[in-house]
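Text of data.json (JSON, C-alpha atoms) as supplied:
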```json
[["chain", "number", "residue", "atom", "x", "y", "z"],
["D", 107, "MET", "CA", 16.90, 59.90, -3.80],
["D", 108, "SER", "CA", 15.21, 59.26, -0.46],
["D", 109, "THR", "CA", 12.15, 57.43, 0.75],
["D", 110, "LEU", "CA", 8.78, 59.12, 1.13],
["D", 111, "ILE", "CA", 9.08, 58.58, 4.86],
["D", 112, "GLU", "CA", 12.35, 60.55, 4.91],
["D", 113, "GLN", "CA", 10.95, 63.29, 2.68],
["D", 114, "SER", "CA", 7.85, 63.69, 4.84],
["D", 115, "ARG", "CA", 9.64, 64.04, 8.14],
["D", 116, "ILE", "CA", 8.50, 66.98, 10.23],
["D", 117, "PRO", "CA", 11.14, 69.72, 10.04],
["D", 118, "PRO", "CA", 12.70, 70.90, 13.34],
["D", 119, "ALA", "CA", 10.88, 73.91, 14.78],
["D", 120, "GLU", "CA", 14.01, 76.07, 14.58],
["D", 121, "THR", "CA", 14.15, 75.63, 10.80],
["D", 122, "ILE", "CA", 10.57, 76.79, 10.18],
["D", 123, "PRO", "CA", 10.33, 80.42, 8.95],
["D", 124, "TYR", "CA", 8.75, 83.00, 11.25],
["D", 125, "GLY", "CA", 4.98, 83.17, 10.81],
["D", 126, "LEU", "CA", 4.55, 79.64, 9.44],
["D", 127, "CYS", "CA", 2.84, 76.80, 11.29],
["D", 128, "HIS", "CA", 5.29, 74.91, 13.52],
["D", 129, "CYS", "CA", 3.82, 71.54, 12.54],
["D", 130, "GLY", "CA", 5.68, 71.93, 9.25],
["D", 131, "CYS", "CA", 2.60, 72.10, 7.03],
["D", 132, "GLY", "CA", 3.84, 75.33, 5.40],
["D", 133, "GLN", "CA", 0.69, 77.36, 6.07],
["D", 134, "LYS", "CA", 0.82, 80.92, 7.38],
["D", 135, "THR", "CA", -0.52, 81.43, 10.85],
["D", 136, "GLY", "CA", -2.78, 84.27, 11.91],
["D", 137, "VAL", "CA", -1.69, 87.03, 14.26],
["D", 138, "GLU", "CA", -2.87, 87.91, 17.73],
["D", 139, "VAL", "CA", -5.22, 90.91, 17.69],
["D", 140, "ARG", "CA", -4.91, 91.75, 21.38],
["D", 141, "ASP", "CA", -2.46, 91.35, 24.21],
["D", 142, "LYS", "CA", -2.79, 88.05, 26.07],
["D", 143, "GLY", "CA", 0.05, 87.98, 28.52],
["D", 144, "VAL", "CA", 3.80, 87.79, 28.14],
["D", 145, "ASN", "CA", 3.90, 84.95, 25.62],
["D", 146, "ARG", "CA", 1.23, 86.27, 23.27],
["D", 147, "ARG", "CA", 1.36, 89.91, 22.23],
["D", 148, "LYS", "CA", -0.77, 91.83, 19.76],
["D", 149, "GLY", "CA", 0.54, 91.46, 16.18],
["D", 150, "THR", "CA", 2.55, 88.33, 17.04],
["D", 151, "PRO", "CA", 1.94, 85.30, 14.76],
["D", 152, "TYR", "CA", 0.40, 82.23, 16.34],
["D", 153, "LYS", "CA", 2.69, 79.24, 16.61],
["D", 154, "PHE", "CA", 0.23, 76.84, 14.94],
["D", 155, "VAL", "CA", -2.64, 76.96, 12.48],
["D", 156, "HIS", "CA", -5.87, 76.01, 14.25],
["D", 157, "GLY", "CA", -6.01, 72.23, 14.71],
["D", 158, "HIS", "CA", -2.32, 71.71, 13.88],
["D", 159, "HIS", "CA", -0.93, 71.67, 17.40],
["D", 160, "SER", "CA", 0.52, 68.24, 16.81],
["D", 161, "ARG", "CA", 1.47, 66.21, 13.78],
["D", 162, "VAL", "CA", 2.05, 62.47, 13.63],
["D", 163, "SER", "CA", 4.81, 61.12, 11.41],
["D", 164, "LEU", "CA", 3.92, 59.14, 8.28],
["D", 165, "GLU", "CA", 5.28, 55.92, 9.76],
["D", 166, "ASP", "CA", 3.27, 56.33, 13.00],
["D", 167, "ARG", "CA", 0.12, 57.05, 11.00],
["D", 168, "PHE", "CA", 0.72, 53.93, 8.94],
["D", 169, "TRP", "CA", 0.88, 51.67, 11.99],
["D", 170, "LYS", "CA", -2.21, 53.31, 13.43],
["D", 171, "TYR", "CA", -4.36, 51.92, 10.61],
["D", 172, "VAL", "CA", -2.78, 48.48, 10.08],
["D", 173, "VAL", "CA", -4.33, 45.32, 11.50],
["D", 174, "LYS", "CA", -2.00, 42.34, 11.16],
["D", 175, "GLU", "CA", -4.78, 39.79, 11.57],
["D", 176, "GLY", "CA", -6.32, 40.02, 8.13],
["D", 177, "PRO", "CA", -7.83, 37.59, 5.62],
["D", 178, "ILE", "CA", -5.94, 34.70, 4.06],
["D", 179, "VAL", "CA", -6.28, 35.23, 0.31],
["D", 180, "ASN", "CA", -3.41, 32.93, -0.62],
["D", 181, "VAL", "CA", -2.83, 29.94, 1.68],
["D", 182, "LYS", "CA", 0.85, 29.70, 0.74],
["D", 183, "LEU", "CA", 1.48, 33.33, 1.69],
["D", 184, "GLY", "CA", -0.47, 33.34, 4.91],
["D", 185, "MET", "CA", -2.39, 36.16, 6.54],
["D", 186, "CYS", "CA", -2.71, 39.60, 4.94],
["D", 187, "TRP", "CA", -2.40, 42.82, 6.93],
["D", 188, "SER", "CA", -5.66, 44.73, 6.62],
["D", 189, "TRP", "CA", -5.82, 48.47, 6.05],
["D", 190, "ARG", "CA", -8.40, 50.26, 8.24],
["D", 191, "ALA", "CA", -8.36, 53.75, 6.74],
["D", 192, "SER", "CA", -9.27, 55.37, 3.42],
["D", 193, "THR", "CA", -8.72, 53.54, 0.15],
["D", 194, "SER", "CA", -8.36, 54.59, -3.46],
["D", 195, "GLY", "CA", -10.93, 53.84, -6.13],
["D", 196, "ASP", "CA", -9.21, 50.55, -6.97],
["D", 197, "GLY", "CA", -9.08, 49.35, -3.38],
["D", 198, "TYR", "CA", -5.51, 50.21, -2.37],
["D", 199, "GLY", "CA", -4.91, 51.72, 1.06],
["D", 200, "SER", "CA", -4.26, 55.46, 0.84],
["D", 201, "LEU", "CA", -2.44, 58.03, 2.95],
["D", 202, "THR", "CA", -2.11, 61.77, 2.50],
["D", 203, "VAL", "CA", 1.35, 63.15, 3.14],
["D", 204, "ARG", "CA", 2.86, 66.62, 2.94],
["D", 205, "ILE", "CA", 6.27, 66.89, 1.27],
["D", 206, "SER", "CA", 7.89, 70.28, 0.77],
["D", 207, "TYR", "CA", 4.59, 71.95, 1.71],
["D", 208, "LYS", "CA", 2.68, 69.99, -0.98],
["D", 209, "LEU", "CA", 0.06, 67.29, -0.40],
["D", 210, "PHE", "CA", 0.43, 63.88, -2.01],
["D", 211, "HIS", "CA", -1.74, 60.76, -1.91],
["D", 212, "ILE", "CA", 0.35, 57.60, -1.64],
["D", 213, "GLY", "CA", -0.47, 53.91, -1.36],
["D", 214, "ALA", "CA", -0.26, 52.31, 2.08],
["D", 215, "HIS", "CA", 1.46, 49.31, 0.47],
["D", 216, "ARG", "CA", 4.22, 51.62, -0.80],
["D", 217, "VAL", "CA", 4.70, 53.04, 2.71],
["D", 218, "SER", "CA", 4.91, 49.49, 4.08],
["D", 219, "TYR", "CA", 7.54, 48.56, 1.50],
["D", 220, "GLU", "CA", 9.70, 51.57, 2.43],
["D", 221, "ILE", "CA", 9.40, 50.88, 6.16],
["D", 222, "HIS", "CA", 10.56, 47.29, 5.77],
["D", 223, "PHE", "CA", 12.86, 47.34, 2.72],
["D", 224, "GLY", "CA", 13.90, 50.95, 2.15],
["D", 225, "GLU", "CA", 13.70, 52.99, -1.03],
["D", 226, "ILE", "CA", 11.57, 51.73, -3.90],
["D", 227, "PRO", "CA", 13.83, 51.18, -6.95],
["D", 228, "GLU", "CA", 13.46, 53.90, -9.56],
["D", 229, "GLY", "CA", 10.87, 53.06, -12.21],
["D", 230, "LYS", "CA", 9.45, 50.15, -10.22],
["D", 231, "LEU", "CA", 5.99, 49.55, -8.78],
["D", 232, "VAL", "CA", 5.17, 47.88, -5.46],
["D", 233, "LEU", "CA", 3.15, 44.79, -6.41],
["D", 234, "HIS", "CA", 1.13, 42.29, -4.40],
["D", 235, "LYS", "CA", 1.88, 38.58, -4.45],
["D", 236, "CYS", "CA", -1.45, 37.95, -2.70],
["D", 237, "ASP", "CA", -3.49, 39.93, -5.24],
["D", 238, "ASN", "CA", -5.22, 41.73, -2.33],
["D", 239, "PRO", "CA", -4.96, 45.54, -2.93],
["D", 240, "PRO", "CA", -5.49, 46.73, 0.69],
["D", 241, "CYS", "CA", -2.90, 44.29, 2.06],
["D", 242, "THR", "CA", 0.20, 45.91, 3.63],
["D", 243, "ASN", "CA", 2.05, 42.77, 4.73],
["D", 244, "PRO", "CA", 5.67, 43.25, 3.56],
["D", 245, "ALA", "CA", 5.99, 39.51, 2.95],
["D", 246, "HIS", "CA", 3.30, 39.88, 0.29],
["D", 247, "LEU", "CA", 4.96, 42.81, -1.50],
["D", 248, "TYR", "CA", 7.69, 43.06, -4.10],
["D", 249, "ALA", "CA", 9.11, 45.69, -6.44],
["D", 250, "GLY", "CA", 8.32, 44.97, -10.07],
["D", 251, "THR", "CA", 7.90, 46.58, -13.47],
["D", 252, "TYR", "CA", 4.75, 47.60, -15.32],
["D", 253, "GLU", "CA", 5.21, 44.47, -17.44],
["D", 254, "ASP", "CA", 5.28, 42.35, -14.27],
["D", 255, "ASN", "CA", 2.02, 43.95, -13.16],
["D", 256, "ILE", "CA", 0.33, 43.25, -16.49],
["D", 257, "ARG", "CA", 1.58, 39.65, -16.52],
["D", 258, "ASP", "CA", 0.31, 39.11, -12.97],
["D", 259, "ALA", "CA", -3.08, 40.51, -13.97],
["D", 260, "TYR", "CA", -3.43, 37.95, -16.75],
["D", 261, "ASP", "CA", -1.94, 35.07, -14.79],
["D", 262, "ARG", "CA", -4.39, 35.64, -11.93],
["D", 263, "LEU", "CA", -7.29, 36.36, -14.29],
["D", 264, "ARG", "CA", -7.73, 39.92, -13.04],
["D", 265, "GLN", "CA", -7.97, 41.06, -16.67],
["D", 266, "PRO", "CA", -10.50, 39.60, -19.11],
["D", 267, "ILE", "CA", -8.83, 37.73, -21.95],
["D", 268, "GLY", "CA", -9.87, 36.44, -25.35],
["D", 269, "GLU", "CA", -13.50, 36.85, -26.32],
["D", 270, "ALA", "CA", -14.31, 38.12, -22.80],
["D", 271, "HIS", "CA", -12.24, 41.27, -23.37],
["D", 272, "PRO", "CA", -14.51, 44.23, -24.24],
["D", 273, "SER", "CA", -12.28, 45.32, -27.13],
["D", 274, "SER", "CA", -12.10, 41.87, -28.73],
["D", 275, "LYS", "CA", -12.93, 41.98, -32.46],
["D", 276, "VAL", "CA", -12.69, 38.27, -33.26],
["D", 277, "THR", "CA", -13.52, 34.93, -31.73],
["D", 278, "GLU", "CA", -11.15, 32.17, -30.63],
["D", 279, "GLU", "CA", -12.30, 30.14, -33.64],
["D", 280, "ILE", "CA", -11.23, 32.91, -36.04],
["D", 281, "VAL", "CA", -7.87, 33.32, -34.30],
["D", 282, "ARG", "CA", -7.16, 29.59, -34.66],
["D", 283, "GLU", "CA", -8.21, 29.73, -38.31],
["D", 284, "ILE", "CA", -5.90, 32.67, -39.04],
["D", 285, "ARG", "CA", -2.96, 30.93, -37.39],
["D", 286, "ALA", "CA", -3.65, 27.60, -39.06],
["D", 287, "ASN", "CA", -4.11, 28.96, -42.60],
["D", 288, "TYR", "CA", -1.77, 31.93, -42.68],
["D", 289, "ALA", "CA", 1.17, 30.97, -40.50],
["D", 290, "HIS", "CA", 3.38, 31.24, -43.60],
["D", 291, "PRO", "CA", 3.30, 34.40, -45.71],
["D", 292, "VAL", "CA", 3.51, 32.52, -49.01],
["D", 293, "ILE", "CA", 1.01, 29.76, -49.84],
["D", 294, "ASP", "CA", 0.95, 28.15, -53.31],
["D", 295, "GLY", "CA", 3.13, 30.96, -54.61],
["D", 296, "TYR", "CA", 0.66, 33.63, -53.46],
["D", 297, "VAL", "CA", 1.79, 36.26, -50.96],
["D", 298, "ARG", "CA", -0.72, 36.57, -48.14],
["D", 299, "SER", "CA", -0.15, 40.06, -46.73],
["D", 300, "TYR", "CA", -1.42, 41.15, -43.33],
["D", 301, "THR", "CA", -3.64, 43.68, -45.11],
["D", 302, "LEU", "CA", -5.31, 41.08, -47.35],
["D", 303, "ILE", "CA", -5.88, 38.74, -44.42],
["D", 304, "GLY", "CA", -7.28, 41.61, -42.40],
["D", 305, "LYS", "CA", -9.81, 42.50, -45.11],
["D", 306, "LYS", "CA", -11.20, 38.98, -45.00],
["D", 307, "TYR", "CA", -11.82, 39.13, -41.26],
["D", 308, "GLY", "CA", -12.48, 42.85, -40.81],
["D", 309, "LEU", "CA", -9.19, 43.45, -39.01],
["D", 310, "SER", "CA", -6.36, 45.90, -39.44],
["D", 311, "SER", "CA", -3.00, 44.64, -40.67],
["D", 312, "THR", "CA", -1.59, 45.46, -37.21],
["D", 313, "ASN", "CA", -4.16, 43.22, -35.50],
["D", 314, "VAL", "CA", -3.41, 40.37, -37.91],
["D", 315, "LYS", "CA", 0.31, 40.72, -37.35],
["D", 316, "ALA", "CA", -0.17, 40.69, -33.58],
["D", 317, "ILE", "CA", -2.25, 37.50, -33.78],
["D", 318, "LEU", "CA", 0.21, 35.67, -36.04],
["D", 319, "LEU", "CA", 3.27, 36.70, -34.04],
["D", 320, "GLY", "CA", 1.62, 35.84, -30.73],
["D", 321, "TRP", "CA", 1.58, 39.37, -29.35],
["D", 322, "THR", "CA", -2.13, 38.95, -28.65],
["D", 323, "TRP", "CA", -4.26, 35.90, -27.83],
["D", 324, "LYS", "CA", -1.27, 34.33, -26.13],
["D", 325, "HIS", "CA", -3.46, 31.92, -24.17],
["D", 326, "LEU", "CA", -4.23, 30.10, -27.45],
["D", 327, "LEU", "CA", -0.60, 29.47, -28.35]]
```
Since I need it in another form, could you write the structure as structure tokens?
Amino acid sequence: MSTLIEQSRIPPAETIPYGLCHCGCGQKTGVEVRDKGVNRRKGTPYKFVHGHHSRVSLEDRFWKYVVKEGPIVNVKLGMCWSWRASTSGDGYGSLTVRISYKLFHIGAHRVSYEIHFGEIPEGKLVLHKCDNPPCTNPAHLYAGTYEDNIRDAYDRLRQPIGEAHPSSKVTEEIVREIRANYAHPVIDGYVRSYTLIGKKYGLSSTNVKAILLGWTWKHLL
């Protein structure tokens, strides 16, 4: 494995096949239709596609759009690094990079992580300690799992919980009632199954099980 920065490096001109743009974009160049001196003969491919006479590396492009004097979202962490270019729909800084002649959109925070810490561990996400999506300050970034991301979302109230969640089917009062009355499967010799409990409250047996085992509504435990 290698970092995105390593994968996106511009290939040396001598390794680029004849007739392809020398910026490394992989596109075919046009051909000269008339003689224009010694260095440009009719039928000879152009060296570059129009507008591709130079190409800036991914790392240089990253620094071009970073402003280190950003907002302070978390006093303990200090100043964020603002991103001054395009962003994704959820607010994260975005860069377009060409790898093996294919275009990819990658997060600016991921580029920052690779510049400062190296390769992102396989299966991990680059998460923000500051909870500020466009921030690229490496001191505010860490590699974590999907579970870490979900936990952070709830801890920082980025995700609605309880009755505020759009998919909520019960109230906090009902959840407390279910846990208080049905914590034990057998009451007075009668087996209280998840299905029977669910019928009383209009829930599936899976939802009842999740409530009783604490898989959902954890903030009420």
Between D:Gly184, D:Pro151, D:Gly213, D:Gly136, smallest distance to D:Tyr124 by all atoms listed in the file belongs to D:Pro151
The distance between atom CA of D:Leu183 and atom CA of D:Cys236 is 7.0 Å
I'd like the box whose edges run along x, y and z of the file and which contains every listed atom of stretch 299-310 of chain D, padded by 4 Å per side; could you state its centre and edge lengths in Å, one decimal, as AutoDock Vina command-line options?
```
--center_x -6.3 --center_y 42.3 --center_z -43.2 --size_x 20.3 --size_y 15.2 --size_z 16.3
```
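Here atom CA of D:Asn243 stands at a distance of 14.7 Å from atom CA of D:Ser200.
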When you look at D:Val139 with a cut-off of 9 Å (counting all atoms listed in the file), what residues show up, excluding the ones that are within fewer than 4 positions of it in the same chain? I need them as a PyMOL selection string. chain D and resi 147-150
